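Listing of work23.cif; format and content: mmCIF, C-alpha atoms.
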```cif
data_final
#
loop_
_atom_site.label_atom_id
_atom_site.label_comp_id
_atom_site.auth_asym_id
_atom_site.auth_seq_id
_atom_site.Cartn_x
_atom_site.Cartn_y
_atom_site.Cartn_z
CA MET A 1276 -98.68 -77.69 -98.35
CA LYS A 1277 -95.08 -78.85 -98.19
CA LYS A 1278 -92.54 -77.29 -100.52
CA LEU A 1279 -88.87 -77.96 -101.10
CA SER A 1280 -87.54 -75.47 -98.56
CA THR A 1281 -90.57 -74.12 -96.66
CA LEU A 1282 -93.72 -75.38 -95.00
CA LYS A 1283 -96.69 -73.04 -94.74
CA GLU A 1284 -98.99 -73.37 -91.76
CA GLY A 1285 -101.61 -70.67 -91.65
CA ASN A 1286 -99.71 -67.44 -92.19
CA ILE A 1287 -96.42 -68.85 -90.81
CA ILE A 1288 -93.80 -70.12 -93.23
CA LYS A 1289 -91.45 -72.57 -91.53
CA LYS A 1290 -87.95 -72.81 -92.91
CA ARG A 1291 -86.85 -76.25 -94.03
CA ILE A 1292 -84.07 -77.73 -91.90
CA TYR A 1293 -82.16 -80.49 -93.69
CA LEU A 1294 -80.40 -83.47 -92.18
CA SER A 1295 -77.05 -82.66 -93.80
CA ALA A 1296 -77.17 -80.07 -96.56
CA PRO A 1297 -74.21 -79.29 -98.85
CA HIS A 1298 -72.10 -76.42 -97.49
CA MET A 1299 -70.21 -74.51 -100.14
CA SER A 1300 -67.25 -72.30 -99.22
CA GLY A 1301 -67.58 -69.93 -102.21
CA LYS A 1302 -64.15 -70.89 -103.53
CA GLU A 1303 -65.51 -73.77 -105.60
CA ILE A 1304 -66.44 -71.46 -108.47
CA ASN A 1305 -62.78 -70.54 -109.00
CA TYR A 1306 -61.84 -74.13 -109.76
CA ILE A 1307 -64.96 -74.62 -111.89
CA ASN A 1308 -64.22 -71.50 -113.93
CA GLU A 1309 -60.67 -72.63 -114.46
CA ALA A 1310 -61.94 -75.96 -115.80
CA PHE A 1311 -64.24 -74.13 -118.23
CA GLU A 1312 -61.59 -71.66 -119.31
CA THR A 1313 -59.11 -74.46 -120.06
CA ASN A 1314 -61.85 -76.68 -121.55
CA TRP A 1315 -61.12 -79.54 -119.11
CA ILE A 1316 -64.78 -80.57 -118.99
CA ALA A 1317 -64.54 -84.31 -119.62
CA PRO A 1318 -63.49 -86.80 -116.92
CA LEU A 1319 -59.90 -86.47 -115.71
CA GLY A 1320 -57.74 -83.35 -115.89
CA PRO A 1321 -55.58 -81.15 -113.65
CA ASN A 1322 -58.16 -80.86 -110.85
CA VAL A 1323 -58.48 -84.65 -110.65
CA ASP A 1324 -54.71 -85.09 -110.42
CA ALA A 1325 -54.42 -82.37 -107.78
CA PHE A 1326 -57.43 -83.58 -105.75
CA GLU A 1327 -55.96 -87.09 -105.58
CA LYS A 1328 -52.64 -85.77 -104.32
CA GLU A 1329 -54.29 -83.45 -101.80
CA ILE A 1330 -56.47 -86.21 -100.34
CA ALA A 1331 -53.52 -88.62 -100.18
CA ASN A 1332 -51.45 -85.99 -98.37
CA TYR A 1333 -54.27 -85.10 -96.01
CA VAL A 1334 -54.87 -88.66 -94.79
CA GLY A 1335 -51.23 -89.73 -95.08
CA VAL A 1336 -51.19 -92.45 -97.73
CA SER A 1337 -49.08 -93.00 -100.84
CA GLU A 1338 -51.77 -92.39 -103.46
CA ALA A 1339 -55.46 -91.91 -104.13
CA VAL A 1340 -57.77 -92.50 -107.09
CA ALA A 1341 -60.76 -90.18 -107.64
CA VAL A 1342 -63.88 -92.03 -108.79
CA SER A 1343 -67.57 -91.45 -109.39
CA SER A 1344 -68.77 -92.60 -105.95
CA GLY A 1345 -67.78 -94.33 -102.74
CA THR A 1346 -69.64 -97.39 -104.01
CA ALA A 1347 -67.43 -97.44 -107.09
CA ALA A 1348 -64.35 -97.26 -104.85
CA ILE A 1349 -65.52 -100.31 -102.85
CA HIS A 1350 -66.25 -102.16 -106.08
CA LEU A 1351 -62.76 -101.42 -107.38
CA ALA A 1352 -61.20 -102.56 -104.11
CA LEU A 1353 -63.05 -105.88 -104.29
CA SER A 1354 -61.98 -106.29 -107.92
CA LEU A 1355 -58.36 -105.60 -107.00
CA LEU A 1356 -58.58 -108.29 -104.30
CA ASP A 1357 -59.89 -110.75 -106.91
CA VAL A 1358 -63.20 -111.27 -105.12
CA LYS A 1359 -65.34 -113.40 -107.40
CA LYS A 1360 -68.34 -115.71 -107.58
CA GLY A 1361 -68.49 -118.11 -104.66
CA ASP A 1362 -66.19 -116.06 -102.42
CA GLN A 1363 -67.25 -114.72 -99.04
CA VAL A 1364 -66.75 -111.17 -97.79
CA PHE A 1365 -67.34 -110.18 -94.16
CA CYS A 1366 -69.09 -106.81 -93.85
CA SER A 1367 -70.52 -104.56 -91.14
CA SER A 1368 -74.27 -104.99 -90.89
CA LEU A 1369 -75.17 -101.57 -89.48
CA THR A 1370 -74.48 -99.48 -92.57
CA PHE A 1371 -75.96 -98.18 -95.81
CA VAL A 1372 -76.52 -100.79 -98.51
CA ALA A 1373 -73.75 -99.27 -100.65
CA SER A 1374 -71.19 -100.94 -98.38
CA ALA A 1375 -72.40 -104.39 -99.43
CA ASN A 1376 -73.90 -104.02 -102.92
CA PRO A 1377 -70.46 -104.27 -104.59
CA ILE A 1378 -70.04 -107.72 -103.02
CA LEU A 1379 -73.05 -108.79 -105.06
CA TYR A 1380 -71.64 -107.08 -108.17
CA GLN A 1381 -68.75 -109.54 -107.95
CA GLY A 1382 -71.06 -112.50 -107.50
CA ALA A 1383 -69.70 -113.05 -103.99
CA GLU A 1384 -71.60 -113.71 -100.77
CA PRO A 1385 -71.72 -111.20 -97.91
CA VAL A 1386 -71.50 -112.37 -94.30
CA PHE A 1387 -72.73 -109.70 -91.90
CA ILE A 1388 -71.09 -108.82 -88.60
CA ASP A 1389 -72.94 -107.11 -85.74
CA SER A 1390 -71.89 -103.87 -84.04
CA GLU A 1391 -70.61 -103.39 -80.50
CA PRO A 1392 -71.81 -100.77 -77.99
CA GLU A 1393 -68.69 -98.58 -77.62
CA THR A 1394 -68.43 -97.43 -81.26
CA TRP A 1395 -71.61 -98.85 -82.85
CA ASN A 1396 -69.24 -100.36 -85.44
CA MET A 1397 -68.09 -103.89 -86.27
CA SER A 1398 -67.83 -106.06 -83.19
CA PRO A 1399 -64.37 -107.66 -82.84
CA GLN A 1400 -66.06 -110.27 -80.68
CA ALA A 1401 -68.50 -111.25 -83.43
CA LEU A 1402 -65.77 -111.00 -86.07
CA GLU A 1403 -63.58 -113.45 -84.17
CA ILE A 1404 -66.42 -115.99 -84.00
CA ALA A 1405 -67.04 -115.57 -87.74
CA PHE A 1406 -63.33 -116.13 -88.48
CA LYS A 1407 -63.15 -119.24 -86.32
CA GLU A 1408 -66.16 -120.80 -88.01
CA ALA A 1409 -64.88 -119.88 -91.48
CA PHE A 1410 -61.50 -121.45 -90.65
CA ILE A 1411 -63.16 -124.67 -89.46
CA ASP A 1412 -65.33 -124.75 -92.60
CA GLY A 1413 -62.28 -124.18 -94.78
CA ARG A 1414 -63.94 -121.17 -96.39
CA MET A 1415 -62.12 -118.02 -95.35
CA PRO A 1416 -63.37 -114.62 -96.53
CA LYS A 1417 -61.53 -112.83 -99.33
CA ALA A 1418 -61.90 -109.48 -97.53
CA VAL A 1419 -63.43 -107.71 -94.55
CA ILE A 1420 -65.33 -104.45 -95.16
CA VAL A 1421 -65.24 -102.37 -91.96
CA VAL A 1422 -67.52 -99.32 -91.82
CA ASN A 1423 -66.84 -96.20 -89.72
CA LEU A 1424 -70.40 -95.25 -88.90
CA TYR A 1425 -71.53 -91.60 -88.76
CA GLY A 1426 -67.89 -90.49 -88.50
CA GLN A 1427 -66.80 -92.75 -85.61
CA SER A 1428 -63.90 -95.13 -86.25
CA ALA A 1429 -64.34 -98.80 -85.44
CA LYS A 1430 -62.04 -100.58 -82.97
CA MET A 1431 -59.31 -100.81 -85.56
CA ASP A 1432 -56.56 -102.23 -83.33
CA GLU A 1433 -58.62 -105.30 -82.52
CA ILE A 1434 -60.01 -105.67 -86.04
CA VAL A 1435 -56.62 -105.25 -87.74
CA SER A 1436 -55.10 -107.78 -85.34
CA LEU A 1437 -57.77 -110.37 -86.15
CA CYS A 1438 -57.51 -109.82 -89.90
CA ASN A 1439 -53.71 -110.09 -89.77
CA GLN A 1440 -54.00 -113.29 -87.75
CA TYR A 1441 -56.11 -114.86 -90.50
CA ASP A 1442 -54.29 -113.04 -93.33
CA VAL A 1443 -57.45 -111.40 -94.69
CA PRO A 1444 -57.24 -107.85 -96.18
CA ILE A 1445 -59.36 -104.98 -94.90
CA ILE A 1446 -61.36 -102.51 -96.97
CA GLU A 1447 -62.07 -99.59 -94.67
CA ASP A 1448 -65.33 -97.93 -95.63
CA ALA A 1449 -64.66 -94.41 -94.35
CA ALA A 1450 -67.36 -92.87 -96.55
CA GLU A 1451 -68.78 -91.02 -93.54
CA SER A 1452 -65.56 -90.41 -91.59
CA LEU A 1453 -63.23 -88.16 -93.58
CA GLY A 1454 -61.57 -85.89 -91.02
CA SER A 1455 -61.89 -88.41 -88.18
CA THR A 1456 -58.90 -89.98 -86.43
CA TYR A 1457 -58.09 -93.15 -84.51
CA LYS A 1458 -55.16 -92.84 -82.09
CA GLY A 1459 -53.85 -89.91 -84.11
CA LYS A 1460 -54.06 -91.67 -87.47
CA ALA A 1461 -56.54 -90.68 -90.18
CA SER A 1462 -59.67 -92.74 -90.66
CA GLY A 1463 -59.54 -94.75 -93.88
CA THR A 1464 -55.85 -95.61 -93.67
CA PHE A 1465 -55.85 -98.83 -91.61
CA GLY A 1466 -56.73 -101.35 -94.28
CA LYS A 1467 -55.35 -102.50 -97.60
CA PHE A 1468 -57.74 -99.98 -99.13
CA GLY A 1469 -59.68 -97.02 -97.76
CA VAL A 1470 -62.82 -95.52 -99.24
CA PHE A 1471 -64.28 -92.00 -98.97
CA SER A 1472 -67.53 -90.56 -100.30
CA PHE A 1473 -68.20 -87.02 -101.52
CA ASN A 1474 -71.95 -87.41 -101.94
CA GLY A 1475 -74.02 -84.26 -101.47
CA ASN A 1476 -74.78 -85.01 -97.81
CA LYS A 1477 -71.21 -85.81 -96.71
CA ILE A 1478 -68.95 -83.58 -94.62
CA ILE A 1479 -67.39 -82.29 -97.85
CA THR A 1480 -68.93 -82.87 -101.25
CA THR A 1481 -68.17 -82.94 -104.95
CA SER A 1482 -71.92 -83.32 -105.68
CA SER A 1483 -71.22 -86.99 -106.34
CA GLY A 1484 -67.92 -88.78 -106.15
CA GLY A 1485 -65.57 -90.90 -104.09
CA MET A 1486 -61.94 -91.74 -103.48
CA LEU A 1487 -59.99 -94.99 -103.19
CA VAL A 1488 -56.80 -94.67 -101.13
CA SER A 1489 -53.93 -97.06 -100.42
CA ASN A 1490 -50.21 -97.39 -99.81
CA ASP A 1491 -50.12 -100.02 -102.58
CA VAL A 1492 -49.17 -97.84 -105.54
CA GLU A 1493 -49.26 -100.71 -108.05
CA ALA A 1494 -52.77 -101.68 -106.96
CA LEU A 1495 -53.98 -98.11 -107.46
CA LYS A 1496 -52.35 -98.03 -110.88
CA LYS A 1497 -54.51 -101.02 -111.76
CA ALA A 1498 -57.53 -99.28 -110.19
CA ARG A 1499 -57.10 -96.37 -112.61
CA PHE A 1500 -56.92 -98.85 -115.49
CA LEU A 1501 -60.11 -100.64 -114.40
CA ALA A 1502 -61.92 -97.35 -113.71
CA THR A 1503 -61.33 -96.09 -117.27
CA GLN A 1504 -62.94 -99.05 -119.05
CA ALA A 1505 -59.76 -101.19 -118.80
CA LYS A 1506 -58.43 -99.85 -122.09
CA ASP A 1507 -55.26 -101.64 -123.13
CA PRO A 1508 -52.21 -99.48 -124.08
CA ALA A 1509 -52.88 -99.55 -127.80
CA LEU A 1510 -53.63 -96.83 -130.38
CA HIS A 1511 -56.90 -98.54 -131.25
CA TYR A 1512 -59.57 -99.35 -128.66
CA GLN A 1513 -58.60 -102.76 -127.32
CA HIS A 1514 -59.92 -104.40 -124.14
CA SER A 1515 -58.76 -107.67 -122.59
CA THR A 1516 -60.65 -107.47 -119.29
CA ILE A 1517 -63.88 -106.01 -117.91
CA GLY A 1518 -63.60 -102.36 -116.96
CA PHE A 1519 -65.81 -99.69 -115.47
CA ASN A 1520 -66.70 -96.07 -116.21
CA TYR A 1521 -65.80 -94.88 -112.73
CA ARG A 1522 -63.50 -91.87 -113.04
CA MET A 1523 -64.35 -88.46 -111.58
CA SER A 1524 -64.84 -85.41 -113.77
CA ASN A 1525 -62.40 -82.50 -113.68
CA ILE A 1526 -65.20 -80.11 -112.74
CA LEU A 1527 -66.33 -82.15 -109.73
CA ALA A 1528 -62.74 -82.62 -108.61
CA GLY A 1529 -62.40 -78.83 -108.61
CA ILE A 1530 -65.35 -78.57 -106.23
CA GLY A 1531 -63.67 -81.18 -104.05
CA ARG A 1532 -60.41 -79.24 -103.90
CA ALA A 1533 -62.16 -76.15 -102.57
CA GLN A 1534 -64.15 -78.25 -100.12
CA LEU A 1535 -61.03 -79.96 -98.80
CA GLU A 1536 -59.58 -76.54 -97.94
CA VAL A 1537 -62.37 -76.05 -95.36
CA LEU A 1538 -62.66 -79.64 -94.10
CA GLU A 1539 -61.23 -78.85 -90.65
CA GLU A 1540 -63.73 -75.99 -90.28
CA ARG A 1541 -66.56 -78.36 -91.21
CA VAL A 1542 -65.42 -80.93 -88.64
CA GLN A 1543 -65.29 -78.31 -85.89
CA ALA A 1544 -68.72 -76.96 -86.86
CA ARG A 1545 -70.30 -80.41 -86.65
CA ARG A 1546 -68.58 -81.18 -83.37
CA LEU A 1547 -69.95 -77.92 -81.96
CA LEU A 1548 -73.44 -78.92 -83.09
CA PHE A 1549 -72.99 -82.24 -81.31
CA ASP A 1550 -71.84 -80.47 -78.15
CA ARG A 1551 -74.91 -78.22 -78.15
CA TYR A 1552 -77.25 -81.18 -78.67
CA THR A 1553 -75.65 -83.03 -75.77
CA GLN A 1554 -75.74 -79.98 -73.51
CA GLU A 1555 -79.47 -79.58 -74.14
CA LEU A 1556 -80.65 -83.19 -74.33
CA SER A 1557 -78.22 -85.60 -72.64
CA SER A 1558 -79.65 -84.99 -69.15
CA ILE A 1559 -83.05 -86.30 -70.25
CA PRO A 1560 -83.55 -89.84 -68.87
CA GLY A 1561 -83.72 -92.39 -71.68
CA ILE A 1562 -81.64 -90.40 -74.18
CA LYS A 1563 -78.06 -91.48 -74.96
CA PHE A 1564 -75.77 -90.10 -77.65
CA MET A 1565 -73.48 -92.09 -79.92
CA PRO A 1566 -70.24 -92.51 -77.94
CA GLU A 1567 -66.76 -91.44 -78.99
CA LEU A 1568 -64.17 -94.12 -78.29
CA ASN A 1569 -61.16 -93.13 -76.17
CA GLN A 1570 -58.21 -91.89 -78.27
CA THR A 1571 -60.42 -91.24 -81.30
CA GLN A 1572 -61.97 -88.11 -82.72
CA SER A 1573 -65.16 -88.39 -84.73
CA ASN A 1574 -66.00 -85.79 -87.35
CA ARG A 1575 -69.57 -86.10 -85.98
CA TRP A 1576 -70.88 -86.22 -89.53
CA LEU A 1577 -74.29 -86.78 -88.00
CA THR A 1578 -75.38 -86.35 -84.40
CA VAL A 1579 -77.06 -89.62 -83.47
CA LEU A 1580 -78.82 -90.63 -80.27
CA THR A 1581 -80.93 -93.46 -78.91
CA ILE A 1582 -84.30 -93.01 -77.26
CA GLU A 1583 -85.65 -95.64 -74.85
CA GLU A 1584 -89.42 -95.45 -75.26
CA LYS A 1585 -90.18 -97.00 -71.87
CA VAL A 1586 -88.23 -94.22 -70.13
CA THR A 1587 -89.04 -91.17 -72.28
CA GLY A 1588 -92.62 -92.09 -73.06
CA THR A 1589 -92.07 -91.49 -76.76
CA SER A 1590 -90.59 -93.39 -79.68
CA ILE A 1591 -88.20 -92.40 -82.45
CA HIS A 1592 -91.11 -92.63 -84.89
CA SER A 1593 -93.13 -90.12 -82.87
CA ILE A 1594 -90.17 -87.75 -82.90
CA LEU A 1595 -89.59 -88.29 -86.62
CA ASN A 1596 -93.24 -87.52 -87.36
CA THR A 1597 -93.24 -84.43 -85.15
CA LEU A 1598 -90.07 -83.09 -86.73
CA ALA A 1599 -91.48 -83.75 -90.22
CA GLU A 1600 -94.59 -81.74 -89.31
CA GLU A 1601 -92.24 -78.89 -88.38
CA ASN A 1602 -90.47 -79.15 -91.77
CA ILE A 1603 -87.37 -80.64 -90.12
CA GLU A 1604 -85.59 -83.56 -91.76
CA ALA A 1605 -84.37 -86.37 -89.47
CA ARG A 1606 -83.75 -90.07 -90.05
CA PRO A 1607 -83.71 -93.36 -88.18
CA VAL A 1608 -80.38 -95.16 -87.84
CA TRP A 1609 -79.50 -97.39 -90.82
CA LYS A 1610 -81.56 -100.54 -90.99
CA PRO A 1611 -79.05 -103.41 -90.54
CA LEU A 1612 -78.27 -105.19 -93.77
CA HIS A 1613 -79.01 -108.64 -92.35
CA MET A 1614 -82.61 -107.41 -91.88
CA GLN A 1615 -82.97 -106.20 -95.48
CA PRO A 1616 -85.11 -108.23 -97.93
CA LEU A 1617 -82.24 -108.09 -100.43
CA PHE A 1618 -80.07 -110.15 -98.09
CA GLU A 1619 -82.67 -112.55 -96.72
CA GLY A 1620 -81.02 -115.75 -95.52
CA VAL A 1621 -77.49 -114.32 -95.47
CA LYS A 1622 -75.26 -115.45 -92.60
CA TYR A 1623 -75.03 -113.04 -89.66
CA TYR A 1624 -72.98 -112.99 -86.45
CA SER A 1625 -74.36 -111.07 -83.47
CA HIS A 1626 -72.22 -109.40 -80.81
CA SER A 1627 -73.12 -112.11 -78.32
CA GLU A 1628 -75.70 -114.82 -77.86
CA ASN A 1629 -78.03 -112.49 -75.96
CA ILE A 1630 -77.10 -109.09 -77.39
CA ASN A 1631 -77.91 -107.92 -80.91
CA VAL A 1632 -76.49 -104.40 -80.95
CA SER A 1633 -77.30 -103.33 -84.51
CA GLU A 1634 -80.98 -104.28 -84.23
CA HIS A 1635 -81.31 -102.42 -80.93
CA LEU A 1636 -79.71 -99.31 -82.43
CA PHE A 1637 -82.05 -99.48 -85.42
CA ASN A 1638 -85.08 -99.73 -83.14
CA THR A 1639 -84.02 -96.85 -80.88
CA GLY A 1640 -81.64 -94.67 -82.94
CA LEU A 1641 -82.33 -91.24 -84.39
CA CYS A 1642 -80.17 -89.00 -86.63
CA LEU A 1643 -80.70 -85.29 -85.95
CA PRO A 1644 -80.03 -82.44 -88.41
CA SER A 1645 -76.26 -81.90 -88.38
CA GLY A 1646 -75.29 -79.74 -91.35
CA SER A 1647 -72.26 -77.55 -90.78
CA ASN A 1648 -74.25 -74.59 -92.14
CA MET A 1649 -77.01 -74.94 -89.52
CA THR A 1650 -77.56 -71.81 -87.46
CA GLU A 1651 -77.89 -71.90 -83.68
CA GLU A 1652 -81.48 -70.73 -84.13
CA ASP A 1653 -82.22 -73.70 -86.41
CA GLN A 1654 -80.65 -76.12 -83.97
CA MET A 1655 -82.58 -74.75 -81.01
CA ARG A 1656 -85.77 -75.18 -83.03
CA VAL A 1657 -84.94 -78.88 -83.39
CA ILE A 1658 -84.09 -79.17 -79.70
CA LYS A 1659 -87.33 -77.46 -78.69
CA CYS A 1660 -89.37 -79.93 -80.74
CA VAL A 1661 -87.69 -82.91 -79.08
CA LYS A 1662 -88.11 -81.45 -75.58
CA GLU A 1663 -91.76 -80.58 -76.12
CA LEU A 1664 -92.56 -84.07 -77.33
CA ILE A 1665 -90.92 -85.58 -74.26
CA LYS A 1666 -92.65 -82.88 -72.17
CA ILE A 1667 -89.46 -81.31 -70.86
CA GLU A 1668 -89.75 -77.66 -69.86
CA VAL A 1669 -88.08 -75.41 -72.47
#
```
Structure re-expressed in structure tokens:
Amino acid sequence: MKKLSTLKEGNIIKKRIYLSAPHMSGKEINYINEAFETNWIAPLGPNVDAFEKEIANYVGVSEAVAVSSGTAAIHLALSLLDVKKGDQVFCSSLTFVASANPILYQGAEPVFIDSEPETWNMSPQALEIAFKEAFIDGRMPKAVIVVNLYGQSAKMDEIVSLCNQYDVPIIEDAAESLGSTYKGKASGTFGKFGVFSFNGNKIITTSSGGMLVSNDVEALKKARFLATQAKDPALHYQHSTIGFNYRMSNILAGIGRAQLEVLEERVQARRLLFDRYTQELSSIPGIKFMPELNQTQSNRWLTVLTIEEKVTGTSIHSILNTLAEENIEARPVWKPLHMQPLFEGVKYYSHSENINVSEHLFNTGLCLPSGSNMTEEDQMRVIKCVKELIKIEV
């Protein structure tokens, strides 16, 4: 019988190993207690103000706005860019659906862009083709949503250059890449807007929550207005535009402040996990790990690899099933959005005529447990399962 944290097999109780469990520092309770003692329980408050400043300082932007989720931050960014019904938005295909759902909230149409092999992120080659066709059609996108997958930054130099050439703003979905860098600059700071997530499985968490960052202070001032139900500056409750209930609570922001204090430790812990996985598994023919582009540093939010079934003799589904039987949580790579029933018929640009990178990664990719609170013993248990399935001597 499976339980939440253990699996009993005979007289042996197997500890549950999660994909990416929350990792508390112990300091969070101090900020929570302060919120209770000062009665700052409702949304907004001193922790929210401080968390925004601390995140902005950490990544090196002018300001930040704390919101209820990364999805909310993307939605606000699209609203600020006046994306509306009939508009097009280019978006990475290999990502979680939250990257694209806000496009639909605005009544706009997503156009999905394939990945490329060196980062697994948006292909500049495919993006250029999409831009050229949009220019010919006279229907340019209102924005480009670039995702930094599993902590690895996309090829931002090439993507920024293309978007500048066509004068289209970038929303950088860095939900998974807080703590990562591209050529020495923080992930999430290359576009008009950057987005971070603090969901329970992220590298730091506020339980739920997100952050919108930008160097456009006036735009973020409007974001705060929209995120608090767009209440006009009047004594009575007056509203002249549609708003959202998107602001973060003071309690959750307190958790985030304590988590941010240990972010660098969490990055190093996950990178060490990645190193151990590669030391133990990378020599196996048919296994390849997600690359790290030159002059970038990934936070290695998740350790991800591909498994070629013809070479290893096993599939990702066999490994997933075996790990599940051992009470170990693992996941396939995100199913590309252009393959999702929700987006059936939506336009999609592949990396090249003969290469569809995102579909290949979905068919062969596997996310291994990567929590920063994993013990070496837990990790070796995962490694042993993979090796035994591929019949490698352990």
Quick one: contact table of stretch 1504-1558 of chain A to stretch 1297-1320 of chain A, 10 Å max, nearest atom pair and distance in Å to one decimal per residue, counting only C-alpha atoms, chain and number order, as a Markdown table?
```
| residue | atom | partner | partner_atom | distance |
| --- | --- | --- | --- | --- |
| A:Asn1520 | CA | A:Pro1318 | CA | 9.8 |
| A:Tyr1521 | CA | A:Pro1318 | CA | 9.4 |
| A:Arg1522 | CA | A:Pro1318 | CA | 6.4 |
| A:Met1523 | CA | A:Pro1318 | CA | 5.7 |
| A:Ser1524 | CA | A:Pro1318 | CA | 3.7 |
| A:Asn1525 | CA | A:Leu1319 | CA | 5.1 |
| A:Ile1526 | CA | A:Ile1307 | CA | 5.6 |
| A:Leu1527 | CA | A:Ile1307 | CA | 8.0 |
| A:Ala1528 | CA | A:Leu1319 | CA | 8.6 |
| A:Gly1529 | CA | A:Tyr1306 | CA | 4.9 |
| A:Ile1530 | CA | A:Glu1303 | CA | 4.8 |
| A:Gly1531 | CA | A:Glu1303 | CA | 7.8 |
| A:Arg1532 | CA | A:Glu1303 | CA | 7.7 |
| A:Ala1533 | CA | A:Glu1303 | CA | 5.1 |
| A:Gln1534 | CA | A:Ser1300 | CA | 6.8 |
| A:Leu1535 | CA | A:Ser1300 | CA | 9.9 |
| A:Glu1536 | CA | A:Ser1300 | CA | 8.9 |
| A:Val1537 | CA | A:Ser1300 | CA | 7.3 |
| A:Arg1541 | CA | A:His1298 | CA | 8.6 |
```
Pick out the closest residue to A:Trp1576 from this set: A:Asp1507, A:Glu1391, A:Asp1432, A:Glu1451. Count only C-alpha atoms.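 Closest residue, counting only C-alpha atoms: A:Glu1451.
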Have a look at A:Ala1509, A:Leu1437, A:Leu1538, A:Ala1498 and name the one nearest to A:Gly1454; count only C-alpha atoms. A:Leu1538
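Between atom CA of A:Phe1473 and atom CA of A:Asn1596 the interatomic distance comes to 28.8 Å.
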Show which residues sit within 7 Å of A:Gln1427, as JSON, numbers by chain. Count only C-alpha atoms, and ignore same-chain residues fewer than 6 positions away. {"A": [1394, 1452, 1567, 1573]}
Mind telling me what the PyMOL selection byres ((chain A and resi 1618) around 12) catches here, as a PyMOL selection string? chain A and resi 1368+1372+1375-1376+1378-1379+1384-1387+1611-1617+1619-1623
Counting all atoms listed in the file, the option among A:Pro1508, A:Gly1345, A:Gly1459, A:Gly1518 closest to A:Ile1446: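 Counting all atoms listed in the file, the residue closest to A:Ile1446 is A:Gly1345.
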Measuring atom to atom with all atoms listed in the file, identify which of A:Met1655, A:Leu1356, A:Ala1296, A:Val1632 is nearest to A:Asp1491. A:Leu1356
Expand the PyMOL selection byres ((chain A and resi 1648) around 12) into the individual residues it matches in the shown file, reporting them as a PDB file with C-alpha atoms, in the coordinates of the input.
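See selection_13.pdb below for the written result:
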```
ATOM      1  CA  ILE A1292     -84.070 -77.730 -91.900  1.00  0.00           C
ATOM      2  CA  TYR A1293     -82.160 -80.490 -93.690  1.00  0.00           C
ATOM      3  CA  LEU A1294     -80.400 -83.470 -92.180  1.00  0.00           C
ATOM      4  CA  SER A1295     -77.050 -82.660 -93.800  1.00  0.00           C
ATOM      5  CA  ALA A1296     -77.170 -80.070 -96.560  1.00  0.00           C
ATOM      6  CA  PRO A1297     -74.210 -79.290 -98.850  1.00  0.00           C
ATOM      7  CA  HIS A1298     -72.100 -76.420 -97.490  1.00  0.00           C
ATOM      8  CA  MET A1299     -70.210 -74.510-100.140  1.00  0.00           C
ATOM      9  CA  SER A1300     -67.250 -72.300 -99.220  1.00  0.00           C
ATOM     10  CA  ASN A1476     -74.780 -85.010 -97.810  1.00  0.00           C
ATOM     11  CA  ILE A1478     -68.950 -83.580 -94.620  1.00  0.00           C
ATOM     12  CA  ILE A1479     -67.390 -82.290 -97.850  1.00  0.00           C
ATOM     13  CA  GLU A1540     -63.730 -75.990 -90.280  1.00  0.00           C
ATOM     14  CA  ARG A1541     -66.560 -78.360 -91.210  1.00  0.00           C
ATOM     15  CA  VAL A1542     -65.420 -80.930 -88.640  1.00  0.00           C
ATOM     16  CA  GLN A1543     -65.290 -78.310 -85.890  1.00  0.00           C
ATOM     17  CA  ALA A1544     -68.720 -76.960 -86.860  1.00  0.00           C
ATOM     18  CA  ARG A1545     -70.300 -80.410 -86.650  1.00  0.00           C
ATOM     19  CA  LEU A1547     -69.950 -77.920 -81.960  1.00  0.00           C
ATOM     20  CA  LEU A1548     -73.440 -78.920 -83.090  1.00  0.00           C
ATOM     21  CA  PRO A1644     -80.030 -82.440 -88.410  1.00  0.00           C
ATOM     22  CA  SER A1645     -76.260 -81.900 -88.380  1.00  0.00           C
ATOM     23  CA  GLY A1646     -75.290 -79.740 -91.350  1.00  0.00           C
ATOM     24  CA  SER A1647     -72.260 -77.550 -90.780  1.00  0.00           C
ATOM     25  CA  MET A1649     -77.010 -74.940 -89.520  1.00  0.00           C
ATOM     26  CA  THR A1650     -77.560 -71.810 -87.460  1.00  0.00           C
ATOM     27  CA  GLU A1651     -77.890 -71.900 -83.680  1.00  0.00           C
ATOM     28  CA  GLU A1652     -81.480 -70.730 -84.130  1.00  0.00           C
ATOM     29  CA  ASP A1653     -82.220 -73.700 -86.410  1.00  0.00           C
ATOM     30  CA  GLN A1654     -80.650 -76.120 -83.970  1.00  0.00           C
TER      31      GLN A1654
END
```
Counting only C-alpha atoms, select every polymer residue within 8 Å of (-64.0, -91.2, -110.2) as defined in the file's coordinates, and provide the selection as a list in words.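 Output: Val1340, Ala1341, Val1342, Ser1343, Ser1344, Ala1347, Gly1484, Gly1485, Met1486, Ala1502, Tyr1521, Arg1522, Met1523 and Ser1524 of chain A.
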Same residues, C-alpha atoms, output as an mmCIF file, keeping the file's coordinate frame:
```cif
data_model
loop_
_atom_site.group_PDB
_atom_site.id
_atom_site.type_symbol
_atom_site.label_atom_id
_atom_site.label_comp_id
_atom_site.auth_asym_id
_atom_site.auth_seq_id
_atom_site.Cartn_x
_atom_site.Cartn_y
_atom_site.Cartn_z
ATOM 1 C CA VAL A 1340 -57.770 -92.500 -107.090
ATOM 2 C CA ALA A 1341 -60.760 -90.180 -107.640
ATOM 3 C CA VAL A 1342 -63.880 -92.030 -108.790
ATOM 4 C CA SER A 1343 -67.570 -91.450 -109.390
ATOM 5 C CA SER A 1344 -68.770 -92.600 -105.950
ATOM 6 C CA ALA A 1347 -67.430 -97.440 -107.090
ATOM 7 C CA GLY A 1484 -67.920 -88.780 -106.150
ATOM 8 C CA GLY A 1485 -65.570 -90.900 -104.090
ATOM 9 C CA MET A 1486 -61.940 -91.740 -103.480
ATOM 10 C CA ALA A 1502 -61.920 -97.350 -113.710
ATOM 11 C CA TYR A 1521 -65.800 -94.880 -112.730
ATOM 12 C CA ARG A 1522 -63.500 -91.870 -113.040
ATOM 13 C CA MET A 1523 -64.350 -88.460 -111.580
ATOM 14 C CA SER A 1524 -64.840 -85.410 -113.770
#
```
